[in-house]
file final39.csv (CSV, C-alpha atoms)
chain,number,residue,atom,x,y,z
A,405,MET,CA,119.5,142.5,98.4
A,406,SER,CA,122.6,143.6,96.6
A,407,LYS,CA,120.6,145.8,94.2
A,408,TYR,CA,119.0,147.7,97.1
A,409,PHE,CA,122.3,148.1,98.8
A,410,LEU,CA,123.9,149.7,95.7
A,411,LEU,CA,120.9,152.0,95.3
A,412,ILE,CA,121.2,153.2,98.9
A,413,ILE,CA,124.9,153.9,98.4
A,414,LEU,CA,124.2,156.0,95.2
A,415,LEU,CA,121.6,158.1,96.9
A,416,PHE,CA,123.9,158.7,99.9
A,417,LEU,CA,126.7,159.9,97.6
A,418,LEU,CA,124.3,162.3,95.8
A,419,SER,CA,123.0,163.8,99.0
A,420,SER,CA,126.4,164.1,100.5
A,421,CYS,CA,127.5,166.2,97.5
A,422,SER,CA,124.5,168.5,97.9
A,423,GLU,CA,125.6,169.3,101.5
A,424,ASP,CA,128.7,170.9,100.0
A,425,PRO,CA,126.8,172.9,97.5
A,426,HIS,CA,129.8,174.4,95.6
A,427,GLN,CA,132.2,171.5,95.3
A,428,LEU,CA,130.2,170.2,92.3
A,429,ILE,CA,130.3,173.6,90.6
A,430,VAL,CA,134.0,173.2,90.0
A,431,ASN,CA,134.6,169.5,89.8
A,432,VAL,CA,131.6,167.5,88.8
A,433,TYR,CA,131.5,168.0,85.0
A,434,ASN,CA,132.7,164.9,83.2
A,435,GLU,CA,131.6,163.8,79.7
A,436,GLU,CA,131.2,160.3,81.0
A,437,VAL,CA,128.8,161.3,83.8
A,438,PRO,CA,125.2,161.5,82.6
A,439,GLY,CA,123.9,165.1,82.7
A,440,VAL,CA,122.1,167.8,80.9
A,441,VAL,CA,123.4,171.1,79.4
A,442,LYS,CA,121.0,174.1,80.0
A,443,ASP,CA,121.1,177.8,79.8
A,444,THR,CA,119.6,180.7,81.8
A,445,THR,CA,119.8,184.5,82.0
A,446,LEU,CA,120.5,186.5,85.2
A,447,LEU,CA,119.7,190.3,85.3
A,448,VAL,CA,122.1,192.6,87.1
A,449,MET,CA,121.1,192.9,90.8
A,450,SER,CA,122.7,196.4,91.3
A,451,ASP,CA,125.4,198.6,89.7
A,452,THR,CA,127.3,201.8,90.2
A,453,THR,CA,130.1,203.8,88.6
A,454,TYR,CA,133.5,204.7,90.2
A,455,PHE,CA,135.7,207.6,89.2
A,456,LYS,CA,139.5,207.2,89.3
A,457,THR,CA,140.8,210.5,90.6
A,458,SER,CA,144.5,209.9,89.8
A,459,ARG,CA,145.6,211.2,86.4
A,460,VAL,CA,147.0,209.1,83.6
A,461,ASN,CA,150.7,209.4,82.7
A,462,THR,CA,150.7,210.0,79.0
A,463,GLN,CA,154.5,209.9,78.6
A,464,PHE,CA,154.5,206.4,77.1
A,465,SER,CA,151.4,206.8,74.9
A,466,LEU,CA,151.7,205.8,71.3
A,467,ARG,CA,149.7,208.9,70.3
A,468,ILE,CA,149.7,212.5,71.5
A,469,GLY,CA,146.5,214.5,71.3
A,470,LEU,CA,145.7,218.1,70.3
A,471,GLY,CA,142.3,219.7,70.5
A,472,SER,CA,139.1,219.6,72.5
A,473,ILE,CA,135.9,217.6,72.6
A,474,ASP,CA,133.2,217.9,75.2
A,475,SER,CA,135.1,219.7,78.0
A,476,LEU,CA,138.3,217.8,77.5
A,477,GLU,CA,141.3,219.7,76.2
A,478,CYS,CA,144.6,218.1,75.1
A,479,ARG,CA,148.0,219.7,74.3
A,480,PRO,CA,151.1,217.9,73.1
A,481,ILE,CA,154.5,218.6,74.8
A,482,ILE,CA,157.7,217.6,73.1
A,483,ARG,CA,161.5,217.8,73.8
A,484,PHE,CA,164.3,217.2,71.4
A,485,THR,CA,167.5,216.9,73.6
A,486,ASP,CA,170.0,214.9,71.5
A,487,TYR,CA,172.1,217.0,69.1
A,488,SER,CA,175.2,214.8,69.1
A,489,THR,CA,175.0,214.4,65.3
A,490,ILE,CA,175.2,218.1,64.6
A,491,PRO,CA,178.8,219.5,64.4
A,492,ASP,CA,179.8,222.1,67.0
A,493,SER,CA,180.6,224.6,64.2
A,494,ALA,CA,177.3,224.1,62.4
A,495,GLN,CA,175.1,227.1,61.6
A,496,ILE,CA,171.4,226.0,61.7
A,497,ASP,CA,169.7,227.8,58.9
A,498,SER,CA,166.2,226.3,58.9
A,499,ALA,CA,164.2,224.0,61.1
A,500,TRP,CA,160.9,222.1,60.8
A,501,ILE,CA,158.9,219.9,63.2
A,502,HIS,CA,157.1,217.1,61.6
A,503,LEU,CA,154.2,215.1,63.1
A,504,ASP,CA,152.4,212.0,61.6
A,505,GLY,CA,148.7,212.1,61.9
A,506,ASN,CA,147.2,209.1,63.6
A,507,ASN,CA,143.4,209.3,63.6
A,508,SER,CA,141.1,212.0,64.9
A,509,LEU,CA,138.1,212.1,67.2
A,510,SER,CA,135.0,214.3,66.6
A,511,LYS,CA,131.3,214.4,67.0
A,512,GLY,CA,130.5,215.6,63.4
A,513,ASN,CA,131.6,218.4,61.1
A,514,ALA,CA,134.7,219.9,62.7
A,515,SER,CA,136.6,223.2,62.0
A,516,PRO,CA,140.4,223.3,61.6
A,517,ILE,CA,142.5,224.0,64.7
A,518,ALA,CA,144.8,227.1,64.6
A,519,ALA,CA,147.7,225.3,66.2
A,520,ARG,CA,150.7,227.3,67.6
A,521,LEU,CA,154.1,226.3,69.0
A,522,HIS,CA,155.3,228.0,72.1
A,523,PRO,CA,158.3,227.5,74.4
A,524,ILE,CA,157.9,225.7,77.7
A,525,GLY,CA,159.3,227.5,80.8
A,526,GLY,CA,160.2,224.6,83.2
A,527,LEU,CA,161.8,221.2,83.1
A,528,TRP,CA,159.5,218.1,82.7
A,529,THR,CA,159.6,214.5,81.8
A,530,ASN,CA,155.9,213.7,81.7
A,531,ASN,CA,152.5,215.4,82.0
A,532,LEU,CA,152.2,214.6,85.8
A,533,ASP,CA,155.2,216.8,86.8
A,534,GLU,CA,154.5,219.6,89.2
A,535,VAL,CA,155.2,222.3,86.5
A,536,TRP,CA,151.9,221.3,84.8
A,537,ASN,CA,149.7,221.9,87.8
A,538,ASP,CA,148.7,225.1,86.0
A,539,TYR,CA,150.0,224.7,82.4
A,540,THR,CA,149.4,228.3,81.5
A,541,GLN,CA,152.2,229.3,84.0
A,542,ASN,CA,154.7,227.0,82.3
A,543,ILE,CA,154.4,228.2,78.7
A,544,ASP,CA,155.3,231.5,77.0
A,545,ARG,CA,152.3,232.4,74.9
A,546,ASN,CA,154.0,235.7,74.0
A,547,THR,CA,156.6,233.9,72.0
A,548,LEU,CA,155.3,232.2,68.8
A,549,LEU,CA,157.6,229.6,67.3
A,550,ALA,CA,155.4,228.4,64.5
A,551,GLU,CA,151.8,228.0,63.5
A,552,LEU,CA,149.7,225.7,61.3
A,553,GLN,CA,146.1,224.8,60.5
A,554,ILE,CA,145.3,221.3,61.6
A,555,SER,CA,142.3,219.6,60.0
A,556,PRO,CA,140.6,216.4,61.3
A,557,ASP,CA,142.1,213.6,59.4
A,558,ASP,CA,143.4,210.1,60.1
A,559,THR,CA,146.6,210.0,58.1
A,560,ASN,CA,147.6,213.6,57.2
A,561,ASN,CA,151.2,214.5,58.1
A,562,TYR,CA,151.8,218.0,59.5
A,563,THR,CA,155.0,220.1,59.3
A,564,PHE,CA,155.6,223.3,61.3
A,565,THR,CA,158.1,225.7,59.8
A,566,LEU,CA,159.9,227.4,62.7
A,567,ASN,CA,160.2,231.2,62.5
A,568,ASP,CA,163.2,233.3,63.7
A,569,ALA,CA,162.2,232.8,67.3
A,570,GLY,CA,161.9,229.1,66.8
A,571,LEU,CA,165.3,229.0,65.0
A,572,ASP,CA,166.9,230.9,67.9
A,573,LEU,CA,165.5,228.4,70.4
A,574,VAL,CA,166.7,225.4,68.4
A,575,ARG,CA,170.2,226.9,68.1
A,576,THR,CA,170.2,227.3,71.9
A,577,TRP,CA,169.2,223.7,72.4
A,578,ALA,CA,171.9,222.5,69.9
A,579,ASP,CA,174.6,224.6,71.6
A,580,THR,CA,176.9,222.3,73.6
A,581,ALA,CA,176.8,224.8,76.5
A,582,THR,CA,173.1,223.8,76.9
A,583,THR,CA,172.5,220.7,78.9
A,584,PRO,CA,169.4,218.5,78.3
A,585,ASP,CA,168.0,219.7,81.7
A,586,GLU,CA,168.1,223.3,80.3
A,587,ASN,CA,166.1,222.2,77.3
A,588,PHE,CA,162.4,222.5,78.3
A,589,GLY,CA,160.9,221.8,74.8
A,590,LEU,CA,157.7,223.2,73.3
A,591,ILE,CA,154.0,222.9,73.5
A,592,ILE,CA,151.4,222.8,70.7
A,593,ASP,CA,148.7,225.1,71.9
A,594,PHE,CA,145.3,226.4,70.6
A,595,ASP,CA,142.4,228.6,71.6
A,596,GLN,CA,139.4,226.9,70.0
A,597,ALA,CA,138.8,223.3,68.9
A,598,ASP,CA,135.8,221.0,68.4
A,599,PHE,CA,137.8,217.8,67.7
A,600,ILE,CA,141.0,216.0,68.9
A,601,GLN,CA,143.7,215.2,66.3
A,602,TYR,CA,146.1,212.5,67.3
A,603,PHE,CA,149.7,212.3,66.3
A,604,SER,CA,152.1,209.4,66.5
A,605,ALA,CA,154.3,209.5,69.5
A,606,ILE,CA,157.8,208.2,70.4
A,607,ASN,CA,158.3,204.5,69.8
A,608,SER,CA,155.2,204.3,67.6
A,609,GLY,CA,157.1,204.0,64.3
A,610,GLY,CA,156.1,207.6,63.4
A,611,ASP,CA,158.0,209.5,66.0
A,612,PRO,CA,157.9,213.3,66.1
A,613,VAL,CA,160.8,214.7,64.1
A,614,LEU,CA,162.9,217.9,64.2
A,615,LEU,CA,164.3,218.4,60.7
A,616,LEU,CA,167.4,220.7,60.5
A,617,GLN,CA,169.1,222.3,57.6
A,618,TYR,CA,172.6,223.6,58.5
A,619,SER,CA,175.9,224.8,57.0
A,620,LEU,CA,179.5,224.6,58.0
A,621,PRO,CA,182.2,227.4,57.8
A,622,ALA,CA,184.0,227.6,54.5
A,623,ASP,CA,181.8,224.9,53.0
A,624,THR,CA,179.0,225.6,50.5
A,625,THR,CA,177.4,222.2,51.0
A,626,VAL,CA,173.8,222.2,52.5
A,627,TYR,CA,173.5,219.7,55.2
A,628,TRP,CA,170.4,218.0,56.6
A,629,ASP,CA,169.8,216.0,59.7
A,630,THR,CA,166.7,214.4,61.3
A,631,LEU,CA,166.4,214.3,65.0
A,632,LEU,CA,163.8,212.1,66.8
A,633,ALA,CA,162.0,213.4,69.9
A,634,ASN,CA,163.4,212.3,73.2
A,635,TYR,CA,160.4,213.1,75.4
A,636,ASP,CA,156.8,213.6,74.6
A,637,ALA,CA,153.4,213.4,76.3
A,638,PHE,CA,150.3,215.5,76.3
A,639,ILE,CA,148.7,217.5,79.1
A,640,TYR,CA,145.0,217.3,79.5
A,641,GLU,CA,142.2,218.9,81.6
A,642,GLY,CA,138.4,218.7,81.7
A,643,GLY,CA,136.3,215.7,81.0
A,644,PHE,CA,132.9,214.8,79.7
A,645,PRO,CA,129.3,215.2,80.9
A,646,ARG,CA,127.7,212.3,82.7
A,647,GLN,CA,124.0,211.7,82.4
A,648,PRO,CA,121.8,210.6,85.3
A,649,ASN,CA,120.8,206.9,85.5
A,650,ARG,CA,123.7,205.8,83.4
A,651,ASN,CA,126.9,203.9,84.2
A,652,TYR,CA,130.2,204.5,82.4
A,653,ALA,CA,133.3,202.8,81.3
A,654,SER,CA,135.9,205.2,80.0
A,655,SER,CA,139.6,205.8,79.4
A,656,LEU,CA,141.9,208.8,80.0
A,657,ILE,CA,139.1,210.3,82.2
A,658,GLU,CA,138.7,207.0,84.0
A,659,TYR,CA,135.3,205.7,85.0
A,660,HIS,CA,134.8,202.0,85.9
A,661,SER,CA,131.5,200.4,86.6
A,662,LEU,CA,130.7,197.6,89.0
A,663,LEU,CA,127.9,195.1,88.3
A,664,ASN,CA,126.6,192.8,91.0
A,665,PHE,CA,124.8,189.5,90.2
A,666,ASP,CA,122.9,187.2,92.5
A,667,PHE,CA,123.3,183.5,91.9
A,668,SER,CA,121.3,182.2,94.9
A,669,GLY,CA,118.0,181.6,93.1
A,670,PHE,CA,119.8,180.0,90.2
A,671,LEU,CA,121.8,177.6,92.4
A,672,ALA,CA,118.8,176.8,94.6
A,673,SER,CA,116.6,175.9,91.6
A,674,ASN,CA,119.3,173.4,90.6
A,675,ASN,CA,119.9,171.9,94.0
A,676,ASN,CA,123.3,173.6,93.9
A,677,GLU,CA,124.6,170.8,91.6
A,678,VAL,CA,125.7,172.8,88.6
A,679,THR,CA,128.8,173.4,86.6
A,680,ILE,CA,129.2,176.7,84.7
A,681,LEU,CA,130.4,175.9,81.2
A,682,SER,CA,130.2,179.2,79.5
A,683,ALA,CA,129.0,182.8,80.3
A,684,ASN,CA,128.3,185.8,78.2
A,685,LEU,CA,127.7,189.3,79.5
A,686,GLN,CA,125.4,191.4,77.4
A,687,LEU,CA,125.6,195.2,78.1
A,688,PRO,CA,122.9,197.4,76.5
A,689,VAL,CA,124.5,200.8,75.7
A,690,ASP,CA,123.2,204.3,75.2
A,691,LEU,CA,125.0,205.5,72.1
A,692,ASN,CA,123.5,209.0,72.5
A,693,TYR,CA,125.8,209.6,75.4
A,694,SER,CA,128.8,207.5,74.3
A,695,LEU,CA,131.9,208.5,72.4
A,696,LEU,CA,134.2,205.8,71.0
A,697,ASP,CA,137.6,206.4,69.4
A,698,PRO,CA,137.3,205.0,65.9
A,699,LEU,CA,140.8,203.4,66.1
A,700,TYR,CA,139.7,201.2,69.0
A,701,ASP,CA,135.9,201.2,69.0
A,702,ILE,CA,135.0,198.7,71.8
A,703,SER,CA,138.0,196.4,71.3
A,704,ASN,CA,139.5,197.3,74.8
A,705,ILE,CA,136.3,197.1,76.9
A,706,VAL,CA,136.6,194.2,79.3
A,707,VAL,CA,135.0,192.4,82.2
A,708,LEU,CA,137.3,192.1,85.3
A,709,LYS,CA,136.6,190.2,88.5
A,710,LEU,CA,136.3,192.3,91.6
A,711,ASP,CA,139.0,191.7,94.2
A,712,THR,CA,138.4,194.3,96.9
A,713,LEU,CA,135.5,196.8,97.4
A,714,LYS,CA,136.0,199.8,99.6
A,715,SER,CA,133.6,202.7,100.4
A,716,ASP,CA,135.2,204.9,97.7
A,717,SER,CA,137.2,202.6,95.5
A,718,LEU,CA,137.4,199.1,93.9
A,719,VAL,CA,140.3,196.9,93.1
A,720,ALA,CA,140.2,194.4,90.2
A,721,ASP,CA,141.7,190.9,90.3
A,722,SER,CA,145.0,191.4,88.6
A,723,SER,CA,145.7,187.7,87.9
A,724,THR,CA,147.3,187.2,84.5
A,725,GLY,CA,144.9,186.9,81.7
A,726,LEU,CA,141.8,187.0,83.9
A,727,PHE,CA,139.6,189.3,81.8
A,728,ALA,CA,137.0,188.8,79.1
A,729,ARG,CA,136.7,191.2,76.2
A,730,LEU,CA,133.3,192.9,75.6
A,731,ASN,CA,134.2,193.5,72.0
A,732,TYR,CA,131.2,192.3,69.9
A,733,TRP,CA,128.3,194.5,68.8
A,734,SER,CA,124.8,193.1,68.5
A,735,ASP,CA,123.3,193.2,65.0
A,736,ASP,CA,121.2,196.3,65.9
A,737,SER,CA,124.1,197.9,67.9
A,738,SER,CA,121.8,198.0,71.0
A,739,TYR,CA,124.3,196.1,73.2
A,740,ILE,CA,127.8,194.8,73.4
A,741,GLU,CA,128.7,191.3,74.4
A,742,ILE,CA,131.5,188.8,74.8
A,743,GLY,CA,131.9,187.5,71.3
A,744,SER,CA,134.5,184.7,71.4
A,745,ASN,CA,134.3,181.3,73.0
A,746,ASP,CA,137.6,181.6,74.8
A,747,ASN,CA,136.5,184.9,76.4
A,748,ARG,CA,133.2,183.4,77.5
A,749,THR,CA,135.1,180.5,79.0
A,750,THR,CA,137.2,183.0,80.9
A,751,LEU,CA,134.1,184.7,82.3
A,752,SER,CA,132.8,181.3,83.3
A,753,THR,CA,136.1,180.7,85.1
A,754,MET,CA,135.7,183.9,87.0
A,755,ILE,CA,132.1,182.9,88.0
A,756,ARG,CA,133.2,179.5,89.2
A,757,GLN,CA,136.1,181.0,91.2
A,758,GLU,CA,133.5,183.1,93.2
A,759,LEU,CA,130.9,180.4,93.7
A,760,SER,CA,133.5,177.8,94.7
A,761,THR,CA,134.2,179.9,97.8
A,762,GLY,CA,130.7,179.6,99.0
A,763,LYS,CA,129.5,182.9,97.7
A,764,THR,CA,126.1,183.3,96.1
A,765,THR,CA,126.8,186.7,94.6
A,766,ALA,CA,129.5,187.9,92.3
A,767,ALA,CA,130.7,191.4,91.2
A,768,TYR,CA,132.4,192.3,88.0
A,769,ILE,CA,134.1,195.5,86.8
A,770,ILE,CA,133.5,197.0,83.3
A,771,SER,CA,136.7,198.8,82.3
A,772,VAL,CA,138.8,200.0,79.4
A,773,ILE,CA,142.3,198.5,79.3
A,774,ASP,CA,145.5,199.0,77.3
A,775,ASP,CA,145.6,197.7,73.8
A,776,ALA,CA,148.7,195.7,74.5
A,777,SER,CA,147.1,193.7,77.3
A,778,ASN,CA,146.7,190.0,76.4
A,779,LYS,CA,146.0,186.7,78.1
A,780,SER,CA,149.7,186.3,79.0
A,781,SER,CA,150.0,189.6,80.8
A,782,ARG,CA,148.3,191.6,83.5
A,783,VAL,CA,146.0,194.3,82.3
A,784,SER,CA,146.9,198.0,82.3
A,785,HIS,CA,144.9,201.0,81.2
A,786,GLU,CA,144.9,202.7,77.9
A,787,LYS,CA,147.0,205.9,77.9
A,788,GLU,CA,146.2,208.1,74.9
A,789,GLN,CA,142.7,206.9,74.1
A,790,PHE,CA,139.8,209.1,75.1
A,791,SER,CA,136.6,207.1,74.9
A,792,TYR,CA,133.5,206.6,77.0
A,793,LEU,CA,130.7,204.1,76.9
A,794,SER,CA,127.4,204.9,78.5
A,795,PHE,CA,125.0,202.1,79.6
A,796,PHE,CA,121.8,201.7,81.4
A,797,THR,CA,121.5,201.0,85.1
A,798,TYR,CA,119.7,198.2,86.9
A,799,ARG,CA,116.9,200.6,87.7
A,800,ASP,CA,115.9,201.1,84.1
A,801,PRO,CA,112.2,200.4,83.7
A,802,ASP,CA,112.9,198.5,80.5
A,803,VAL,CA,114.4,195.1,81.5
A,804,LEU,CA,115.8,194.7,78.0
A,805,ARG,CA,118.1,197.7,78.7
A,806,ARG,CA,119.6,196.2,81.9
A,807,ALA,CA,122.9,194.3,81.9
A,808,ARG,CA,122.5,190.5,81.9
A,809,LEU,CA,124.5,187.3,82.2
A,810,ASN,CA,123.6,184.5,79.8
A,811,ILE,CA,124.9,181.3,81.4
A,812,GLU,CA,125.3,177.8,79.9
A,813,TYR,CA,125.6,175.2,82.6
A,814,TRP,CA,125.6,171.4,83.2
A,815,VAL,CA,123.6,169.6,85.8
A,816,PRO,CA,123.9,165.9,86.6
A,817,ALA,CA,121.1,163.6,85.5
A,818,LYS,CA,118.6,162.7,88.2
A,819,PRO,CA,119.1,159.1,89.4
A,820,ARG,CA,116.6,156.6,88.2
A,821,ILE,CA,115.1,154.4,90.9

call {"tool": "encode", "arguments": {"input": "final39.csv", "output": "structure tokens"}}
result
Amino acid sequence: MSKYFLLIILLFLLSSCSEDPHQLIVNVYNEEVPGVVKDTTLLVMSDTTYFKTSRVNTQFSLRIGLGSIDSLECRPIIRFTDYSTIPDSAQIDSAWIHLDGNNSLSKGNASPIAARLHPIGGLWTNNLDEVWNDYTQNIDRNTLLAELQISPDDTNNYTFTLNDAGLDLVRTWADTATTPDENFGLIIDFDQADFIQYFSAINSGGDPVLLLQYSLPADTTVYWDTLLANYDAFIYEGGFPRQPNRNYASSLIEYHSLLNFDFSGFLASNNNEVTILSANLQLPVDLNYSLLDPLYDISNIVVLKLDTLKSDSLVADSSTGLFARLNYWSDDSSYIEIGSNDNRTTLSTMIRQELSTGKTTAAYIISVIDDASNKSSRVSHEKEQFSYLSFFTYRDPDVLRRARLNIEYWVPAKPRI
């Protein structure tokens, strides 16, 4: 009789767990409990792309961009406002502005940019200030300060030699009668370009430099001083063409895509008694309509958990470290996926969090984040990087080109009677 009594208790416990179908998803896995590890693949149920209308503040970017690609145009703006190391009696005789090249972005053979320096007409601290609502009204294109040919290159350094108009402007900036708020700085402008050249920005280790040669009264010595930029950013306008039946994840011109997955069939087929151990998102991409910055490639493309969905916007879960990097290419470069075990574990955690609330569907955001974001911080979005990744929608007739979740999971062993 005791054997039968124990068997009834065991069956009762198992059936009780099934009545709370999601408790086991989080808590049941234990190496000492008999079970089986399995895997399955879930195709995306639906997807869409959202455009973030607010513009990116490029003031704290580690690179400033010059040039154009697709319909995007970028122009650096720089201010040198600290002349405290220059004696009041100094006569500035020559001046140069030096920029360190920091990678370029193009779609093939590109022609040099005829870059020009012009004075800016109004006070600014970043590219979002009101004076940049129409940048052409805030620069003096009739006054040329310097000009230089810029070729697409990753490491070239560029030095503009200021002409007489440029020297006069620097002398005004250096005059103690000029306050920093009266120093509006300069813009690097162009007319035609088919690539973007990046330069190192403030706090990058290769800051923009104003190099001065000056003399003092009754002194034949030639003096030199190097001044670092105090403000920089780049203004931008335009974007890139989107193709029909494609989703996008992009930076600078920000698009974020939402993928919806249905777990109901998967849970039902396993009597709702499963534990998600690991998850990998594979995202087939259309490289014909993608453009990736070679400095970053796909290193900053991530999966985020949806927090709030509105009619015209979505909000990601901003919990510290709650993102998984989609930073691994397949052998044939047809899709990207989560390459590391720790990131796959993070995605499985996100899935468990959704299912443990009783949901049978889950939504995830594909986004581009800041390079400095890590597992100990909340994510932020890349500032200077212009990249966009195109991928196929759930409607694509070829199922191999649809986004998919590969899930490794554990189920308890069936009781032996």

call {"tool": "atom_distance", "arguments": {"input": "final39.csv", "atom1": "CA of Ile591 in chain A", "atom2": "CA of Ile543 in chain A"}}
result
7.4 Å

call {"tool": "closest_atom_pairs", "arguments": {"input": "final39.csv", "of": "range 436-510 of chain A", "to": "range 787-797 of chain A", "cutoff": "6 Å", "atoms": "all atoms listed in the file", "output": "JSON lines"}}
result
{"residue": "A:Thr462", "atom": "CA", "partner": "A:Lys787", "partner_atom": "CA", "distance": 5.6}
{"residue": "A:Ser465", "atom": "CA", "partner": "A:Glu788", "partner_atom": "CA", "distance": 5.4}
{"residue": "A:Arg467", "atom": "CA", "partner": "A:Glu788", "partner_atom": "CA", "distance": 5.8}

call {"tool": "write_last_selection", "arguments": {"input": "final39.csv", "atoms": "C-alpha atoms", "output": "short mmCIF file (atom, residue, chain, number, x, y, z; two decimals), in the coordinates of the input"}}
result
data_model
loop_
_atom_site.label_atom_id
_atom_site.label_comp_id
_atom_site.auth_asym_id
_atom_site.auth_seq_id
_atom_site.Cartn_x
_atom_site.Cartn_y
_atom_site.Cartn_z
CA THR A 462 150.70 210.00 79.00
CA SER A 465 151.40 206.80 74.90
CA ARG A 467 149.70 208.90 70.30
#

call {"tool": "closest_atom_pairs", "arguments": {"input": "final39.csv", "of": "range 466-525 of chain A", "to": "range 694-717 of chain A", "cutoff": "12 Å", "atoms": "all atoms listed in the file", "output": "Markdown table"}}
result
| residue | atom | partner | partner_atom | distance |
| --- | --- | --- | --- | --- |
| A:Arg467 | CA | A:Leu699 | CA | 11.3 |
| A:Ile473 | CA | A:Leu695 | CA | 9.9 |
| A:Asp474 | CA | A:Leu695 | CA | 9.9 |
| A:Asn506 | CA | A:Leu699 | CA | 8.9 |
| A:Asn507 | CA | A:Leu699 | CA | 6.9 |
| A:Ser508 | CA | A:Asp697 | CA | 8.0 |
| A:Leu509 | CA | A:Asp697 | CA | 6.1 |
| A:Ser510 | CA | A:Leu695 | CA | 8.8 |
| A:Lys511 | CA | A:Leu695 | CA | 8.0 |
| A:Gly512 | CA | A:Leu695 | CA | 11.5 |

call {"tool": "atom_distance", "arguments": {"input": "final39.csv", "atom1": "CA of Ser752 in chain A", "atom2": "CA of Ser655 in chain A"}}
result
25.7 Å

call {"tool": "atom_distance", "arguments": {"input": "final39.csv", "atom1": "CA of Ile490 in chain A", "atom2": "CA of Leu527 in chain A"}}
result
23.1 Å

call {"tool": "residues_around", "arguments": {"input": "final39.csv", "residues": "Thr580 in chain A", "least_positions_apart": "6", "cutoff": "9 Å", "atoms": "all atoms listed in the file", "output": "PyMOL selection string"}}
result
chain A and resi 487-488+492

call {"tool": "closest_residue", "arguments": {"input": "final39.csv", "among": "A:Asn546, A:Thr576, A:Ser472, A:Thr582", "to": "Gln601 in chain A", "atoms": "all atoms listed in the file"}}
result
A:Ser472

call {"tool": "closest_residue", "arguments": {"input": "final39.csv", "among": "A:Ile524, A:Leu548, A:Ala633, A:Leu687", "to": "Arg483 in chain A", "atoms": "all atoms listed in the file"}}
result
A:Ala633

call {"tool": "closest_residue", "arguments": {"input": "final39.csv", "among": "A:Val689, A:Ala807, A:Ile639, A:Leu663", "to": "Ile592 in chain A", "atoms": "all atoms listed in the file"}}
result
A:Ile639

call {"tool": "closest_residue", "arguments": {"input": "final39.csv", "among": "A:Leu615, A:Leu466, A:Ile496, A:Val815", "to": "Asp579 in chain A", "atoms": "only C-alpha atoms"}}
result
A:Ile496

call {"tool": "residues_around", "arguments": {"input": "final39.csv", "residues": "Leu476 in chain A", "least_positions_apart": "2", "cutoff": "9 Å", "atoms": "all atoms listed in the file", "output": "PyMOL selection string"}}
result
chain A and resi 471-474+478+640-644+657

call {"tool": "residues_around", "arguments": {"input": "final39.csv", "residues": "Gly609 in chain A", "least_positions_apart": "3", "cutoff": "10 Å", "atoms": "all atoms listed in the file", "output": "ChimeraX atom specification"}}
result
/A:466,504,604-606,612
